[in-house]
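K.L.:
This one is target.txt, compact mmCIF, C-alpha atoms.
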# COMPACT_ATOMS: atom_id res chain seq x y z
CA MET A 1 0.00 0.00 0.00
CA THR A 2 1.41 3.39 -1.02
CA ARG A 3 1.09 6.33 1.34
CA THR A 4 0.10 9.61 -0.28
CA THR A 5 0.69 13.06 1.08
CA HIS A 6 -2.05 15.67 0.93
CA PRO A 7 -1.01 18.34 -1.64
CA ALA A 8 -1.57 21.19 0.81
CA SER A 9 1.01 19.76 3.19
CA ALA A 10 3.58 18.63 0.62
CA LYS A 11 7.16 19.81 0.92
CA VAL A 12 8.76 21.38 -2.13
CA GLY A 13 12.46 22.03 -1.90
CA GLY A 14 12.24 21.92 1.89
CA LEU A 15 9.40 24.48 1.93
CA ASP A 16 5.80 23.89 2.95
CA GLN A 17 3.80 24.14 -0.30
CA GLN A 18 0.73 25.68 1.37
CA SER A 19 2.86 28.41 2.94
CA THR A 20 4.59 29.02 -0.39
CA MET A 21 1.24 29.33 -2.22
CA THR A 22 -0.10 31.76 0.38
CA THR A 23 3.02 33.90 0.04
CA ALA A 24 2.80 33.75 -3.76
CA ARG A 25 -0.87 34.80 -3.69
CA ARG A 26 -0.11 37.74 -1.40
CA PHE A 27 2.75 38.74 -3.66
CA GLY A 28 0.53 38.39 -6.75
CA THR A 29 -2.20 40.51 -5.15
CA ALA A 30 0.34 43.20 -4.33
CA ILE A 31 1.88 43.08 -7.82
CA TRP A 32 -1.54 43.48 -9.48
CA ALA A 33 -2.36 46.37 -7.14
CA VAL A 34 0.93 48.07 -8.05
CA THR A 35 0.21 47.40 -11.75
CA ARG A 36 -3.27 48.95 -11.40
CA VAL A 37 -1.89 52.05 -9.66
CA ALA A 38 1.04 52.34 -12.10
CA LEU A 39 -1.27 52.17 -15.11
CA GLY A 40 -3.50 54.75 -13.44
CA PHE A 41 -0.48 56.99 -13.02
CA VAL A 42 0.31 56.64 -16.75
CA PHE A 43 -3.09 58.18 -17.51
CA LEU A 44 -2.96 60.74 -14.69
CA TRP A 45 0.56 61.86 -15.65
CA ALA A 46 -0.52 62.37 -19.28
CA PHE A 47 -3.41 64.51 -18.00
CA LEU A 48 -1.20 66.60 -15.71
CA ASP A 49 1.53 67.04 -18.33
CA LYS A 50 -0.94 68.19 -20.98
CA LEU A 51 -2.82 70.41 -18.50
CA LEU A 52 0.19 72.11 -16.94
CA GLY A 53 2.97 71.61 -19.50
CA LEU A 54 5.38 69.93 -17.13
CA GLY A 55 8.05 69.85 -19.80
CA LYS A 56 8.05 66.13 -20.54
CA ALA A 57 5.79 65.48 -23.55
CA THR A 58 4.23 68.96 -23.35
CA PRO A 59 6.27 72.16 -23.04
CA SER A 60 4.72 74.77 -20.76
CA GLU A 61 3.87 77.13 -23.63
CA ARG A 62 1.68 74.39 -25.17
CA ALA A 63 -0.08 73.49 -21.89
CA TRP A 64 -3.87 73.40 -21.95
CA ILE A 65 -3.94 75.89 -19.06
CA ASN A 66 -1.92 78.29 -21.24
CA GLY A 67 -4.27 77.99 -24.23
CA GLY A 68 -2.67 75.00 -25.93
CA SER A 69 -4.60 72.05 -27.27
CA PRO A 70 -3.95 68.61 -25.75
CA THR A 71 -4.93 66.86 -28.99
CA THR A 72 -3.20 69.01 -31.60
CA GLY A 73 0.37 67.76 -31.21
CA PHE A 74 -0.43 64.07 -31.53
CA LEU A 75 -3.40 64.10 -33.88
CA SER A 76 -2.07 66.67 -36.37
CA ASN A 77 1.00 64.46 -36.96
CA VAL A 78 -0.90 61.25 -37.76
CA GLU A 79 0.39 59.88 -41.08
CA GLY A 80 -1.22 56.46 -41.36
CA PRO A 81 -4.40 55.24 -43.00
CA PHE A 82 -6.58 57.15 -40.53
CA SER A 83 -4.80 60.52 -40.84
CA GLY A 84 -7.86 62.25 -42.29
CA PHE A 85 -10.12 61.01 -39.52
CA PHE A 86 -7.77 61.91 -36.66
CA GLY A 87 -6.44 65.09 -38.28
CA GLY A 88 -9.99 66.45 -38.38
CA MET A 89 -10.25 66.07 -34.59
CA ALA A 90 -6.95 67.80 -33.81
CA GLY A 91 -7.48 70.93 -31.78
CA GLN A 92 -11.26 70.65 -31.63
CA ALA A 93 -12.61 71.83 -28.24
CA TRP A 94 -14.87 68.77 -27.88
CA ALA A 95 -11.95 66.44 -28.59
CA ASP A 96 -9.71 68.28 -26.11
CA TRP A 97 -12.32 68.11 -23.34
CA LEU A 98 -13.22 64.49 -24.00
CA PHE A 99 -9.56 63.44 -24.14
CA MET A 100 -8.62 65.28 -20.95
CA ALA A 101 -11.71 64.08 -19.04
CA GLY A 102 -10.89 60.54 -20.14
CA LEU A 103 -7.26 60.75 -19.01
CA LEU A 104 -8.24 62.18 -15.63
CA GLY A 105 -11.18 59.85 -15.01
CA ILE A 106 -9.36 56.69 -16.07
CA GLY A 107 -6.27 57.62 -14.06
CA VAL A 108 -8.15 58.43 -10.86
CA ALA A 109 -10.42 55.37 -11.15
CA LEU A 110 -7.45 53.03 -11.57
CA ILE A 111 -5.42 54.58 -8.76
CA LEU A 112 -8.37 54.37 -6.36
CA GLY A 113 -9.64 51.02 -7.68
CA ILE A 114 -13.17 52.29 -8.29
CA GLY A 115 -15.35 52.18 -11.39
CA MET A 116 -13.06 49.58 -12.89
CA TRP A 117 -15.38 48.52 -15.72
CA ILE A 118 -15.90 52.10 -16.87
CA ALA A 119 -12.17 52.78 -16.59
CA ALA A 120 -11.29 49.55 -18.42
CA ILE A 121 -13.72 50.02 -21.30
CA SER A 122 -13.10 53.75 -21.78
CA GLY A 123 -9.34 53.27 -21.33
CA THR A 124 -9.25 50.42 -23.83
CA LEU A 125 -11.28 52.50 -26.30
CA LEU A 126 -8.92 55.48 -25.89
CA LEU A 127 -5.85 53.26 -26.23
CA THR A 128 -7.30 51.52 -29.30
CA LEU A 129 -7.92 54.89 -30.95
CA MET A 130 -4.35 55.91 -30.16
CA TRP A 131 -3.15 52.61 -31.64
CA LEU A 132 -5.14 53.27 -34.82
CA ALA A 133 -3.62 56.76 -35.01
CA ALA A 134 -0.13 55.26 -34.69
CA LEU A 135 -0.57 52.88 -37.65
CA PRO A 136 1.57 51.74 -39.37
CA LEU A 137 3.62 50.75 -36.33
CA ALA A 138 7.36 51.24 -36.46
CA ASN A 139 8.50 48.22 -34.43
CA ASN A 140 5.85 45.53 -34.85
CA PRO A 141 3.36 44.93 -37.63
CA PHE A 142 0.42 44.68 -35.22
CA LEU A 143 1.07 44.88 -31.49
CA ASP A 144 2.29 47.79 -29.38
CA ASP A 145 1.96 49.08 -25.83
CA HIS A 146 -1.48 50.63 -26.47
CA LEU A 147 -3.03 47.22 -27.09
CA VAL A 148 -1.12 45.56 -24.25
CA TYR A 149 -2.26 48.26 -21.79
CA GLY A 150 -5.83 47.78 -23.03
CA LEU A 151 -5.62 44.05 -22.38
CA VAL A 152 -4.24 44.67 -18.89
CA LEU A 153 -7.09 47.11 -18.17
CA LEU A 154 -9.71 44.59 -19.27
CA GLY A 155 -8.00 41.81 -17.31
CA LEU A 156 -7.87 43.92 -14.14
CA ALA A 157 -11.58 44.74 -14.41
CA ALA A 158 -12.66 41.20 -15.34
CA THR A 159 -10.75 39.48 -12.53
CA GLY A 160 -10.78 42.15 -9.83
CA ALA A 161 -7.04 41.58 -9.52
CA GLY A 162 -5.26 44.15 -7.38
CA LEU A 163 -8.41 45.59 -5.80
CA ARG A 164 -7.51 44.46 -2.30
CA TYR A 165 -5.47 47.61 -1.78
CA SER A 166 -8.07 50.07 -3.02
CA LEU A 167 -11.34 51.80 -2.23
CA ALA A 168 -13.27 49.08 -4.09
CA GLY A 169 -14.98 47.76 -0.94
CA TRP A 170 -16.34 51.19 -0.07
CA TRP A 171 -17.22 51.89 -3.72
CA HIS A 172 -19.15 48.64 -4.11
CA SER A 173 -21.11 49.35 -0.90
CA LEU A 174 -22.57 52.58 -2.31
CA PRO A 175 -26.28 52.20 -3.11
CA ILE A 176 -25.90 53.65 -6.61
CA VAL A 177 -23.14 51.15 -7.44
CA ARG A 178 -25.13 48.23 -5.96
CA GLN A 179 -28.14 49.22 -8.10
CA ASN A 180 -26.06 49.77 -11.24
CA GLY A 181 -23.55 46.95 -11.65
CA TRP A 182 -21.91 48.66 -14.63
CA LEU A 183 -20.51 51.27 -12.21
CA ALA A 184 -18.50 48.60 -10.39
Translate this structure into structure tokens?
P.N.:
Amino acid sequence: MTRTTHPASAKVGGLDQQSTMTTARRFGTAIWAVTRVALGFVFLWAFLDKLLGLGKATPSERAWINGGSPTTGFLSNVEGPFSGFFGGMAGQAWADWLFMAGLLGIGVALILGIGMWIAAISGTLLLTLMWLAALPLANNPFLDDHLVYGLVLLGLAATGAGLRYSLAGWWHSLPIVRQNGWLA
């Protein structure tokens, strides 16, 4: 008769497997939380740089607060198959407001861990439009960081990964969120 060991109590390399899995899960939860916040900061930084002209992608003289357009620089230089479509949006007040509201809303939602479905869908839409504007891609015939970020956004929202270190619990307890699941 062969004696079997329960998988939860098995030793792997001298370590208790259950303890190792618990540590790995905690680490994974923390990594996904950091990923969520970092991706939120990507959006929030773009908003702040375009609003204030912090001198990274946007010089201060082209800041939105100084009368510049947050969409003109990128959209007026589109050269791919959608140049006419995106070029027509460049500098339009509605496009500037929508773009800036999107950057701010997506960034704050991700950093706080609230409204993840709205942030994921709107963020993926924004990133997909930016990907279309970047076509043809210089380094890869199809895939770039815009699409990868979009996939990460959708994955974060679909799995709830990284929400442990967020305001998600409070957010989900709000009556309006409980009554409207799409706000979760």
K.L.:
Select from range 6-116 of chain A every residue with an atom at most 12 Å from any atom of range 163-175 of chain A, then for each give the shortest pair of atoms and their distance in Å to one decimal, using all atoms listed in the file, rows by chain and rising number, as CSV.
P.N.:
residue,atom,partner,partner_atom,distance
A:Arg25,CA,A:Arg164,CA,11.8
A:Arg26,CA,A:Arg164,CA,10.0
A:Phe27,CA,A:Arg164,CA,11.8
A:Gly28,CA,A:Arg164,CA,11.0
A:Thr29,CA,A:Arg164,CA,7.2
A:Ala30,CA,A:Tyr165,CA,7.7
A:Ile31,CA,A:Tyr165,CA,10.5
A:Trp32,CA,A:Leu163,CA,8.1
A:Ala33,CA,A:Leu163,CA,6.2
A:Val34,CA,A:Tyr165,CA,9.0
A:Thr35,CA,A:Leu163,CA,10.6
A:Arg36,CA,A:Leu163,CA,8.3
A:Val37,CA,A:Ser166,CA,9.3
A:Val108,CA,A:Leu167,CA,11.3
A:Ala109,CA,A:Leu167,CA,9.7
A:Leu110,CA,A:Ser166,CA,9.1
A:Ile111,CA,A:Ser166,CA,7.8
A:Leu112,CA,A:Ser166,CA,5.5
A:Gly113,CA,A:Ser166,CA,5.0
A:Ile114,CA,A:Ala168,CA,5.3
A:Gly115,CA,A:Trp171,CA,7.9
A:Met116,CA,A:Ala168,CA,8.8
K.L.:
Within 8 Å of Phe86 in chain A, counting all atoms listed in the file, which residues show up once you throw out same-chain ones fewer than 4 positions away? Write them as a tab-separated table (two decimals) with C-alpha atoms, keeping the file's coordinate frame, please.
P.N.:
chain	number	residue	atom	x	y	z
A	75	LEU	CA	-3.40	64.10	-33.88
A	76	SER	CA	-2.07	66.67	-36.37
A	78	VAL	CA	-0.90	61.25	-37.76
A	82	PHE	CA	-6.58	57.15	-40.53
A	90	ALA	CA	-6.95	67.80	-33.81
A	133	ALA	CA	-3.62	56.76	-35.01
K.L.:
Could you tell me how far CA of Thr124 in chain A lies from CA of Leu151 in chain A, in Å and to one decimal?
P.N.:
7.5 Å
K.L.:
Using Å and a single decimal, report how far CA of Tyr149 in chain A sits from CA of Leu126 in chain A.
P.N.:
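Distance between the two atoms: 10.6 Å.
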K.L.:
If you count only C-alpha atoms, which residues fall within 10 Å of Ala93 in chain A, apart from same-chain ones fewer than 5 positions away, as a list in words?
P.N.:
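Neighbouring residues, sequence-local ones excluded: Ser69, Pro70, Thr71, Leu98 and Phe99 of chain A.
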K.L.:
Which distance in Å separates CA of Gly181 in chain A and CA of Gly40 in chain A, to one decimal?
P.N.:
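Separation of CA of Gly181 in chain A and CA of Gly40 in chain A: 21.6 Å.
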K.L.:
Could you check the closest approach to Val42 in chain A for each of A:Asn139, A:His146, A:Ala161, A:Trp64 and tell me which residue wins, using only C-alpha atoms?
P.N.:
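Under the stated criterion, the closest residue is A:His146.
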K.L.:
Kindly extract all protein, DNA and RNA residues lying within 8 Å of the coordinates (-1.9, 67.7, -19.2) given in the file, considering all atoms listed in the file, and supply them as a PyMOL selection string.
P.N.:
chain A and resi 45-54+58+63-64+70+100
K.L.:
Centre and edge lengths of an axis-aligned box around all listed atoms of range 91-106 of chain A, with 5 Å added on each side, are to be given in Å to one decimal, as lines of an AutoDock Vina configuration file.
P.N.:
center_x = -11.1
center_y = 64.3
center_z = -23.4
size_x = 17.6
size_y = 25.1
size_z = 26.8
K.L.:
With all atoms listed in the file as the atoms that count, which of A:Gly87, A:Pro59, A:Gly105, A:Gly67 lies nearest to Ile118 in chain A?
P.N.:
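Ranking A:Gly87, A:Pro59, A:Gly105, A:Gly67 by distance to Ile118 in chain A, first place goes to A:Gly105.
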K.L.:
Point out the residue among A:Leu127, A:Ala95, A:Ala24, A:Leu135 with the least atom-to-atom distance to Val148 in chain A, counting all atoms listed in the file.
P.N.:
A:Leu127
K.L.:
Rank nothing, just name the residue among A:Ile121, A:Leu103, A:Ile65, A:Met89 nearest to Ala158 in chain A, using only C-alpha atoms.
P.N.:
A:Ile121
K.L.:
With all atoms listed in the file as the basis for distance, which of A:Ser19, A:Leu153, A:Asn180, A:Trp131 is at the shortest distance from Phe74 in chain A?
P.N.:
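Comparing A:Ser19, A:Leu153, A:Asn180, A:Trp131 against Phe74 in chain A, the winner is A:Trp131.
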K.L.:
Using all atoms listed in the file, can you tell me which of A:Arg178, A:Phe43, A:Gln92, A:Asn77 comes closest to Ser122 in chain A?
P.N.:
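Counting all atoms listed in the file, the residue closest to Ser122 in chain A is A:Phe43.
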